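Shown next: final-v7.txt, containing compact mmCIF, C-alpha atoms.
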```txt
# COMPACT_ATOMS: atom_id res chain seq x y z
CA MET I 194 94.85 109.30 101.80
CA TYR I 195 96.77 108.38 104.94
CA THR I 196 95.56 107.46 108.35
CA GLN I 197 97.27 109.54 110.96
CA GLY I 198 98.61 108.28 114.26
CA LEU I 199 100.51 105.43 112.66
CA ASP I 200 103.80 106.88 113.73
CA SER I 201 103.96 104.89 116.96
CA LEU I 202 106.56 102.18 116.61
CA GLY I 203 105.73 98.52 116.24
CA LYS I 204 106.18 96.04 119.10
CA GLU I 205 109.54 94.85 117.86
CA CYS I 206 111.31 98.10 118.67
CA LEU I 207 110.11 98.65 122.21
CA HIS I 208 113.04 96.89 123.84
CA THR I 209 116.12 96.89 121.70
CA SER I 210 119.75 96.57 122.57
CA ALA I 211 122.66 97.55 120.37
CA THR I 212 122.91 94.09 118.81
CA ASP I 213 119.20 94.10 118.10
CA THR I 214 119.61 97.44 116.36
CA ALA I 215 122.24 96.02 114.05
CA ALA I 216 119.93 93.13 113.21
CA LEU I 217 117.03 95.49 112.65
CA GLU I 218 119.14 97.64 110.38
CA GLU I 219 120.20 94.64 108.38
CA ARG I 220 116.60 93.51 108.01
CA PHE I 221 115.56 97.02 107.03
CA GLN I 222 118.23 97.30 104.33
CA GLY I 223 117.31 93.81 103.11
CA LYS I 224 113.74 94.93 102.62
CA VAL I 225 114.87 98.04 100.76
CA ASP I 226 117.23 96.01 98.57
CA ALA I 227 114.39 93.63 97.71
CA ASP I 228 112.29 96.64 96.56
CA ASP I 229 109.86 96.02 99.37
CA LYS I 230 108.12 99.11 100.80
CA ILE I 231 108.78 100.55 104.25
CA GLU I 232 105.52 101.49 105.97
CA PRO I 233 104.94 103.86 108.93
CA LYS I 234 104.81 101.09 111.56
CA ASP I 235 107.95 99.33 110.32
CA TRP I 236 111.23 99.79 112.12
CA MET I 237 113.48 102.26 110.31
CA PRO I 238 116.85 103.85 111.11
CA ASP I 239 116.46 107.26 112.66
CA ALA I 240 118.55 108.86 109.92
CA TYR I 241 116.17 107.42 107.28
CA ARG I 242 113.21 108.88 109.15
CA GLN I 243 114.90 112.29 109.51
CA THR I 244 115.96 112.35 105.86
CA LEU I 245 112.41 111.63 104.75
CA ILE I 246 110.90 114.19 107.12
CA ARG I 247 113.29 116.79 105.73
CA GLN I 248 112.71 115.86 102.09
CA ILE I 249 108.92 115.40 102.21
CA SER I 250 108.30 118.55 104.26
CA GLN I 251 110.53 120.59 101.91
CA HIS I 252 108.61 119.12 99.02
CA ALA I 253 105.30 120.07 100.68
CA HIS I 254 106.51 123.62 101.42
CA SER I 255 107.57 123.94 97.77
CA GLU I 256 104.05 123.10 96.60
CA ILE I 257 102.56 125.67 98.98
CA VAL I 258 105.02 128.48 98.24
CA GLY I 259 104.82 127.48 94.56
CA MET I 260 101.25 128.74 94.47
CA LEU I 261 102.47 132.33 94.90
CA PRO I 262 104.38 133.13 91.68
CA GLU I 263 101.57 131.79 89.48
CA GLY I 264 98.81 133.10 91.72
CA ASN I 265 100.22 136.52 90.86
CA TRP I 266 98.75 136.17 87.33
CA ILE I 267 95.29 134.75 88.06
CA THR I 268 93.56 138.13 87.96
CA ARG I 269 95.43 139.12 84.80
CA ALA I 270 95.22 135.94 82.72
CA PRO I 271 94.55 137.01 79.12
CA THR I 272 91.37 134.94 78.59
CA LEU I 273 88.72 133.26 80.70
CA ARG I 274 90.01 129.87 79.52
CA ARG I 275 93.57 130.65 80.62
CA LYS I 276 92.27 131.95 83.93
CA ALA I 277 90.23 128.80 84.64
CA VAL I 278 93.24 126.63 83.78
CA LEU I 279 95.59 128.66 85.97
CA ILE I 280 93.20 128.48 88.92
CA ALA I 281 92.95 124.69 88.46
CA LYS I 282 96.73 124.39 88.42
CA VAL I 283 97.28 126.51 91.51
CA GLN I 284 94.50 124.55 93.23
CA ASP I 285 96.33 121.30 92.38
CA GLU I 286 99.50 122.63 93.95
CA GLY I 287 97.65 123.39 97.18
CA GLY I 288 96.27 119.85 97.10
CA HIS I 289 99.70 118.37 96.47
CA GLY I 290 101.07 120.23 99.47
CA MET I 291 98.33 118.59 101.56
CA TYR I 292 99.13 115.06 100.28
CA LEU I 293 102.78 115.59 101.12
CA TYR I 294 102.22 117.10 104.57
CA SER I 295 100.13 114.05 105.50
CA ALA I 296 102.80 111.70 104.15
CA ALA I 297 105.36 113.49 106.36
CA GLU I 298 103.02 113.25 109.35
CA THR I 299 103.16 109.44 109.17
CA LEU I 300 106.82 109.80 110.20
CA GLY I 301 105.99 111.49 113.50
CA ILE I 302 106.23 115.23 112.78
CA SER I 303 103.06 117.28 113.22
CA ARG I 304 101.48 119.60 110.66
CA GLU I 305 101.87 122.44 113.15
CA GLN I 306 105.62 121.87 113.53
CA MET I 307 106.09 121.89 109.76
CA LEU I 308 104.07 125.09 109.35
CA GLU I 309 106.06 126.73 112.13
CA GLN I 310 109.33 125.79 110.42
CA LEU I 311 108.12 127.26 107.13
CA LEU I 312 106.84 130.50 108.65
CA ALA I 313 109.92 130.93 110.85
CA GLY I 314 112.08 130.69 107.74
CA THR I 315 114.03 127.69 109.07
CA ALA I 316 112.59 125.22 106.54
CA LYS I 317 113.75 125.16 102.95
CA TYR I 318 111.64 125.04 99.82
CA SER I 319 112.60 124.86 96.17
CA SER I 320 114.65 127.98 95.40
CA ILE I 321 112.92 128.38 92.01
CA PHE I 322 109.92 129.98 93.70
CA ASN I 323 112.04 132.90 94.84
CA TYR I 324 112.07 134.30 91.31
CA PRO I 325 109.42 136.83 90.21
CA THR I 326 106.78 136.31 87.50
CA LEU I 327 107.15 139.53 85.53
CA THR I 328 105.02 138.79 82.46
CA TRP I 329 102.27 136.41 81.33
CA ALA I 330 104.90 134.40 79.45
CA ASP I 331 106.42 133.49 82.82
CA VAL I 332 103.30 131.43 83.54
CA GLY I 333 103.97 129.51 80.32
CA ALA I 334 107.67 129.10 81.13
CA ILE I 335 106.91 127.86 84.64
CA GLY I 336 104.51 125.21 83.36
CA TRP I 337 106.85 124.08 80.62
CA LEU I 338 110.23 124.26 82.41
CA VAL I 339 109.63 124.31 86.17
CA ASP I 340 106.88 121.69 86.10
CA GLY I 341 108.83 119.77 83.48
CA ALA I 342 111.84 119.63 85.80
CA ALA I 343 109.64 118.81 88.79
CA ILE I 344 108.00 115.91 86.93
CA MET I 345 111.44 114.60 85.92
CA ASN I 346 112.42 114.65 89.61
CA GLN I 347 109.15 113.22 90.87
CA ILE I 348 108.55 110.26 88.56
CA PRO I 349 111.37 108.18 90.12
CA ILE I 350 110.01 109.03 93.60
CA CYS I 351 106.86 107.05 92.68
CA ARG I 352 109.13 104.03 93.32
CA CYS I 353 110.62 105.42 96.54
CA SER I 354 111.12 102.88 99.35
CA TYR I 355 108.80 104.74 101.75
CA GLY I 356 105.22 103.67 100.97
CA PRO I 357 103.25 106.81 101.92
CA TYR I 358 105.64 109.09 99.96
CA ALA I 359 105.61 106.79 96.93
CA ARG I 360 101.80 106.62 96.89
CA ALA I 361 101.44 110.41 97.27
CA MET I 362 103.84 110.82 94.36
CA VAL I 363 101.85 108.52 92.08
CA ARG I 364 98.80 110.66 92.63
CA ILE I 365 100.70 113.93 92.20
CA CYS I 366 102.42 112.85 88.97
CA LYS I 367 99.10 111.78 87.48
CA GLU I 368 97.48 115.10 88.32
CA GLU I 369 100.44 117.15 87.16
CA SER I 370 100.47 115.75 83.68
CA PHE I 371 98.34 118.69 82.50
CA HIS I 372 100.53 121.33 84.15
CA GLN I 373 103.41 121.01 81.74
CA ARG I 374 101.18 120.77 78.68
CA GLN I 375 99.25 123.93 79.52
CA GLY I 376 102.57 125.75 79.97
CA PHE I 377 103.88 124.61 76.61
CA GLU I 378 100.59 125.59 75.00
CA ILE I 379 100.99 129.15 76.34
CA MET I 380 104.56 129.29 75.05
CA LEU I 381 103.45 128.01 71.65
CA ALA I 382 100.68 130.60 71.36
CA LEU I 383 103.14 133.39 72.20
CA ALA I 384 105.89 132.03 69.95
CA ARG I 385 103.43 131.98 67.03
CA GLY I 386 102.04 135.42 67.91
CA THR I 387 103.18 138.97 67.19
CA PRO I 388 106.90 139.86 67.36
CA ALA I 389 106.24 141.43 70.77
CA GLN I 390 104.61 138.23 72.04
CA LYS I 391 107.46 136.12 70.73
CA ALA I 392 109.96 138.44 72.41
CA MET I 393 108.04 138.05 75.65
CA ALA I 394 108.26 134.24 75.38
CA GLN I 395 111.99 134.48 74.66
CA ASP I 396 112.54 136.75 77.65
CA ALA I 397 110.73 134.28 79.92
CA LEU I 398 112.79 131.34 78.62
CA SER I 399 115.97 133.38 79.08
CA ARG I 400 115.16 134.13 82.71
CA TRP I 401 113.76 130.71 83.74
CA TRP I 402 116.21 128.39 81.98
CA TRP I 403 119.13 128.41 84.43
CA PRO I 404 117.02 128.43 87.60
CA SER I 405 115.14 125.41 86.16
CA ILE I 406 118.39 123.58 85.45
CA MET I 407 119.47 124.25 89.04
CA MET I 408 116.25 122.67 90.35
CA PHE I 409 117.95 119.29 90.09
CA GLY I 410 120.28 120.32 92.88
CA PRO I 411 124.06 120.44 93.20
CA SER I 412 126.29 118.34 90.92
CA ASP I 413 126.82 114.76 92.01
CA GLY I 414 130.28 115.48 93.42
CA GLU I 415 128.86 118.23 95.65
CA SER I 416 125.64 116.54 96.72
CA ARG I 417 125.91 115.50 100.36
CA HIS I 418 122.88 113.23 100.52
CA THR I 419 122.92 111.44 97.19
CA ALA I 420 124.85 108.26 98.05
CA GLN I 421 122.91 107.48 101.22
CA SER I 422 119.56 108.36 99.63
CA MET I 423 120.28 106.05 96.73
CA LYS I 424 121.22 103.21 99.07
CA TRP I 425 117.90 103.75 100.86
CA LYS I 426 116.09 104.00 97.51
CA ILE I 427 114.63 107.36 98.39
CA LYS I 428 116.43 108.53 95.29
CA ARG I 429 116.78 106.46 92.13
CA PHE I 430 118.88 108.69 89.89
CA THR I 431 121.57 111.26 90.66
CA ASN I 432 121.01 115.00 90.22
CA ASP I 433 123.27 115.11 87.15
CA GLU I 434 121.55 112.16 85.49
CA LEU I 435 118.13 113.79 85.83
CA ARG I 436 119.46 117.19 84.74
CA GLN I 437 120.94 115.68 81.59
CA LYS I 438 117.71 113.87 80.81
CA PHE I 439 115.74 117.09 81.23
CA ILE I 440 118.04 119.06 78.94
CA ASP I 441 117.95 116.29 76.33
CA ILE I 442 114.18 116.37 76.01
CA THR I 443 113.71 120.13 76.50
CA ALA I 444 116.23 121.44 73.95
CA PRO I 445 114.29 120.07 70.92
CA GLN I 446 111.09 121.54 72.37
CA ALA I 447 112.72 124.98 72.47
CA ASP I 448 113.80 124.47 68.84
CA PHE I 449 110.20 123.70 67.91
CA LEU I 450 109.08 126.94 69.55
CA GLY I 451 111.77 128.82 67.60
CA LEU I 452 113.17 130.13 70.89
CA LYS I 453 116.78 130.20 71.99
CA ILE I 454 118.01 128.60 75.18
CA PRO I 455 120.40 131.11 76.85
CA ASP I 456 123.43 128.83 76.82
CA PRO I 457 126.00 129.34 74.04
CA ALA I 458 127.61 126.00 74.92
CA LEU I 459 124.41 124.02 74.38
CA ALA I 460 124.94 121.63 71.45
CA TRP I 461 124.00 118.10 70.45
CA ASN I 462 126.91 115.72 70.90
CA GLU I 463 126.71 112.89 68.39
CA SER I 464 129.24 110.72 70.21
CA THR I 465 127.60 110.86 73.65
CA GLN I 466 124.06 111.06 72.19
CA HIS I 467 123.39 113.84 74.69
CA TYR I 468 123.39 117.63 74.70
CA ASP I 469 126.53 119.31 75.99
CA PHE I 470 125.80 122.36 78.07
CA GLY I 471 127.60 125.26 79.74
CA THR I 472 128.83 125.73 83.30
CA ILE I 473 126.19 126.38 85.92
CA ASP I 474 126.62 129.46 88.12
CA TRP I 475 126.16 127.82 91.50
CA SER I 476 126.95 131.02 93.39
CA GLU I 477 123.53 132.28 92.31
CA PHE I 478 121.87 129.07 93.51
CA GLN I 479 123.63 129.32 96.88
CA ALA I 480 122.65 132.98 97.27
CA VAL I 481 118.98 132.24 96.59
CA LEU I 482 119.10 129.24 98.93
CA LYS I 483 120.56 131.43 101.68
CA GLY I 484 117.59 133.78 101.41
CA ASN I 485 118.96 136.37 99.02
CA GLY I 486 116.95 135.61 95.91
CA PRO I 487 114.76 138.30 94.34
CA CYS I 488 111.60 137.23 96.21
CA ASN I 489 112.57 135.22 99.32
CA ARG I 490 111.31 137.84 101.78
CA GLU I 491 108.18 138.57 99.76
CA ARG I 492 107.24 134.86 99.59
CA LEU I 493 107.62 134.28 103.34
CA GLU I 494 105.80 137.49 104.09
CA ALA I 495 102.90 136.37 101.87
CA ARG I 496 102.73 132.99 103.68
CA ARG I 497 102.84 134.65 107.11
CA SER I 498 100.16 137.14 106.28
CA ALA I 499 97.95 134.39 104.78
CA HIS I 500 98.41 132.36 107.96
CA GLU I 501 97.60 135.32 110.20
CA GLY I 502 94.73 136.46 107.99
CA GLY I 503 93.17 133.01 108.18
CA ARG I 504 93.44 132.76 111.95
CA TRP I 505 89.94 134.08 112.68
CA VAL I 506 88.45 131.57 110.21
CA ARG I 507 90.18 128.64 111.94
CA GLU I 508 89.11 129.93 115.34
CA ALA I 509 85.53 130.48 114.22
CA ALA I 510 85.33 126.97 112.74
CA ALA I 511 86.67 125.44 115.96
CA ALA I 512 84.21 127.47 118.05
CA HIS I 513 81.34 126.39 115.80
CA ALA I 514 82.35 122.71 116.07
CA ALA I 515 82.60 122.96 119.87
CA LYS I 516 79.15 124.54 120.02
CA GLN I 517 77.63 121.84 117.80
CA LYS I 518 79.21 119.15 119.98
CA ALA I 519 77.90 120.73 123.18
CA ARG I 520 74.40 121.01 121.66
CA ALA I 521 74.43 117.37 120.57
CA ALA I 522 75.55 116.29 124.04
CA ALA I 523 72.84 118.41 125.66
CA SER I 524 70.09 117.01 123.46
CA GLN I 525 71.26 113.47 124.17
CA ALA I 526 71.21 114.09 127.91
CA ALA I 527 67.67 115.55 127.70
CA MET C 250 71.83 97.18 127.46
CA SER C 251 72.68 95.25 124.34
CA ASN C 252 75.58 92.80 124.28
CA ASP C 253 75.80 92.83 120.51
CA TRP C 254 79.32 93.14 119.27
CA PRO C 255 79.96 96.41 117.43
CA LEU C 256 80.53 96.57 113.69
CA TYR C 257 84.03 97.12 112.27
CA GLU C 258 84.98 98.14 108.73
CA VAL C 259 87.91 96.14 107.33
CA PHE C 260 90.68 97.47 105.08
CA ILE C 261 93.26 95.16 103.54
CA ARG C 262 96.60 95.98 101.95
CA SER C 263 96.84 93.32 99.27
CA ARG C 264 100.52 93.77 98.45
CA ALA C 265 103.45 95.67 99.94
CA GLY C 266 103.47 99.24 98.68
CA LEU C 267 99.76 99.43 97.84
CA GLU C 268 97.19 101.33 99.87
CA HIS C 269 94.71 99.59 102.18
CA LYS C 270 91.38 99.07 100.45
CA HIS C 271 87.97 98.61 101.99
CA VAL C 272 86.83 95.01 101.66
CA GLY C 273 83.81 94.75 103.97
CA SER C 274 82.84 94.64 107.62
CA LEU C 275 82.38 92.27 110.55
CA HIS C 276 81.29 92.17 114.17
CA ALA C 277 83.79 91.74 117.01
CA ALA C 278 83.93 92.32 120.76
CA ASP C 279 86.95 94.61 120.50
CA ALA C 280 89.56 95.88 118.06
CA ALA C 281 92.03 93.04 118.61
CA MET C 282 89.33 90.44 117.94
CA ALA C 283 88.28 92.42 114.86
CA VAL C 284 91.79 92.08 113.41
CA GLU C 285 91.80 88.32 114.02
CA HIS C 286 88.34 87.90 112.58
CA ALA C 287 89.28 90.01 109.59
CA ARG C 288 92.20 87.67 108.95
CA ASP C 289 89.87 84.66 109.03
CA VAL C 290 87.02 86.25 107.10
CA TYR C 291 88.89 88.25 104.46
CA THR C 292 92.38 86.79 103.97
CA ARG C 293 91.94 83.01 103.91
CA ARG C 294 93.66 82.88 100.51
CA GLN C 295 96.50 85.24 101.41
CA GLU C 296 94.68 88.27 100.06
CA GLY C 297 96.62 90.62 102.29
CA VAL C 298 99.83 91.62 104.04
CA SER C 299 98.27 94.12 106.44
CA ILE C 300 94.86 94.78 108.01
CA TRP C 301 93.19 97.94 109.33
CA VAL C 302 89.95 97.85 111.25
CA VAL C 303 87.85 100.92 112.13
CA ARG C 304 84.64 101.08 114.15
CA SER C 305 81.89 101.61 111.59
CA SER C 306 80.32 104.21 113.84
CA ASP C 307 83.53 106.27 113.57
CA ILE C 308 83.18 106.63 109.81
CA VAL C 309 81.60 109.80 108.53
CA ALA C 310 80.23 109.34 105.02
CA SER C 311 78.77 111.62 102.37
CA ASP C 312 75.11 111.06 101.56
CA PRO C 313 74.70 109.32 98.17
CA ALA C 314 71.48 111.30 97.70
CA ASP C 315 73.60 114.47 97.67
CA ALA C 316 76.16 113.13 95.21
CA ASP C 317 74.99 115.34 92.34
CA ALA C 318 75.42 118.55 94.26
CA LEU C 319 78.54 117.39 96.08
CA PHE C 320 80.52 116.48 92.97
CA GLU C 321 79.07 119.10 90.66
CA PRO C 322 82.04 121.51 90.93
CA ALA C 323 84.38 119.12 89.08
CA ARG C 324 81.93 118.35 86.30
CA ASP C 325 82.72 121.26 83.96
CA LYS C 326 86.49 121.27 84.47
CA VAL C 327 87.77 119.12 81.64
CA TYR C 328 90.86 121.31 81.56
CA ARG C 329 92.16 119.38 84.57
CA HIS C 330 92.98 116.56 82.14
CA PRO C 331 96.08 116.53 79.93
CA THR C 332 94.07 115.61 76.83
CA PHE C 333 92.39 119.04 76.93
CA TYR C 334 95.56 120.65 75.51
CA SER C 335 96.53 120.37 71.89
CA ILE C 336 100.25 119.88 71.40
CA PRO C 337 101.59 119.33 67.85
CA ASP C 338 102.66 115.72 67.16
CA GLU C 339 106.22 116.79 66.39
CA VAL C 340 106.74 117.86 70.02
CA LYS C 341 107.95 114.86 72.01
CA ASN C 342 108.00 114.04 75.72
CA LEU C 343 105.23 116.35 76.91
```

Using the file provided, produce a representation of the structure as structure tokens.
Amino acid sequence: MYTQGLDSLGKECLHTSATDTAALEERFQGKVDADDKIEPKDWMPDAYRQTLIRQISQHAHSEIVGMLPEGNWITRAPTLRRKAVLIAKVQDEGGHGMYLYSAAETLGISREQMLEQLLAGTAKYSSIFNYPTLTWADVGAIGWLVDGAAIMNQIPICRCSYGPYARAMVRICKEESFHQRQGFEIMLALARGTPAQKAMAQDALSRWWWPSIMMFGPSDGESRHTAQSMKWKIKRFTNDELRQKFIDITAPQADFLGLKIPDPALAWNESTQHYDFGTIDWSEFQAVLKGNGPCNRERLEARRSAHEGGRWVREAAAAHAAKQKARAAASQAA
Amino acid sequence: MSNDWPLYEVFIRSRAGLEHKHVGSLHAADAAMAVEHARDVYTRRQEGVSIWVVRSSDIVASDPADADALFEPARDKVYRHPTFYSIPDEVKNL
């Protein structure tokens, strides 16, 4: 959906002095303030570019690594219908990774560089994907909670100031609307099933709840990037605002399922018209982020081996294309 | 050797934030002229804020005659749509 090679700068920034830079920055911020979109050829502050490269590539990596926990259940889905749905969902995530990598490429980083960063372990991706999927109910919990939280995060990005990211997000949000529903449907089937099935659903909710809540990132006071990102309109709501919104709509859904959210402090507060909730254990989040979650090594290892395993296919395709090109050239010369 | 100007496909972004959309084609001696001609041919009533031009010969297209076979894989996958899933009315915000 994007044309590559648009990362070269426009004429206006070829010869700029310090005073010009200040003027350019002012014009840039004016555009952002007016809710105008920044496009690849527009002048942008370097920090804006770097922030977007970091955020969009992390987002892309998350989609790619996110295929692994669910992919784990494709061969063991309980029915053909569930299997077809799960394949479609994992396929979407691969596609979403591709949309996002190309959006990042418009900022001047190459696909190869991003892949290298992921495989070298220097790039981050959403820490939620470093948790294991132990039972079939985990597939339901991921769709309901993890995709639910992701959608909550992503909808405001549809209005992000950077055009290619905003447009990719519109497409992704539209496609993801089935992901959360299929997850809830799985949870509902289990919650209405045998006592063992209901227990399995409860166990999945108990394990996925807190990691999902942490998906919104550190609390506002601790979040290093929030203020600048909001000024640039890369971000529209703070982490805590989105987290609260997610809890407010998810708690009644858990009630409907007859399942218990593993937070004794969770309670509706009539005066604030929001749910109160307990303290988040950020030490766990930090540990997982630093590479010490249950599956960090396994996930990276799976990506590396997929990349290595696919090498001969990429090489064969390139060799085939070169041969076709040479043949076409030869027949033209003849 | 022919001196005919090559054909360019024209894409216009109608409003800031939207994607460029194909609007048609025109002949021009080079890319810079194609952009100017595109402005005169396709945006006389301020239809756009940005123009892309691409040599028509650089576009690789699918064959409409193959459309049935090409798009067949998506035909039986209604479960890619949210309406495929039944969620009770009492459950909100899904």

Go through chain I and flag each residue having an atom no more than 7 Å from chain C; for those, report the closest pair of atoms plus their distance in Å to one decimal, using all atoms listed in the file, ordered by chain and rising number, as a Markdown table.
```
| residue | atom | partner | partner_atom | distance |
| --- | --- | --- | --- | --- |
| I:Asp229 | CA | C:Ala265 | CA | 6.4 |
| I:Lys230 | CA | C:Gly266 | CA | 5.1 |
| I:Val278 | CA | C:Tyr328 | CA | 6.2 |
| I:Ala281 | CA | C:Arg329 | CA | 6.6 |
| I:Gly356 | CA | C:Gly266 | CA | 5.3 |
| I:Ser370 | CA | C:Pro331 | CA | 5.8 |
| I:Phe371 | CA | C:Pro331 | CA | 4.0 |
| I:Gln373 | CA | C:Leu343 | CA | 7.0 |
| I:Arg374 | CA | C:Leu343 | CA | 6.3 |
| I:Gln375 | CA | C:Tyr334 | CA | 6.4 |
| I:Glu378 | CA | C:Ile336 | CA | 6.8 |
| I:Ile442 | CA | C:Asn342 | CA | 6.6 |
| I:Gln446 | CA | C:Val340 | CA | 6.2 |
```

| task | List the residues sitting within 9 Å of (110.9, 99.5, 109.0) in the file's frame, using all atoms listed in the file, as a PyMOL selection string. | result | chain I and resi 203+217-218+220-222+224+230-238

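Atom to atom, CA of Ile365 (chain I) and CA of Tyr292 (chain I) stand 8.3 Å apart.
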
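The set of protein, DNA and RNA residues with any counted atom at most 6 Å from (113.7, 123.7, 98.0) (only C-alpha atoms) reads I:Gln251, I:Lys317, I:Tyr318, I:Ser319, I:Ser320.
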
| Test item: residues at most 10 Å from His418 (chain I), only C-alpha atoms, excluding those fewer than 4 positions along its chain, as a list in words |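 Listing them by chain and then by number gives Thr244, Asp413, Ser422, Met423 and Lys428 of chain I.
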
| Interatomic distance (Å, one decimal) between CA of Val259 (chain C) and CA of Ala361 (chain I) |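 Computed distance, CA of Val259 (chain C) to CA of Ala361 (chain I), equals 22.1 Å.
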
| request: Quick one: pull the distance between CA of Arg304 (chain I) and CA of Ala240 (chain I), Å, one decimal. | output: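 A separation of 20.2 Å between them.
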
| request: Within 7 Å of Val302 (chain C), counting all atoms listed in the file, which residues show up once you throw out same-chain ones fewer than 3 positions away? Write them as a PyMOL selection string, please. | output: chain C and resi 257-260+283-284
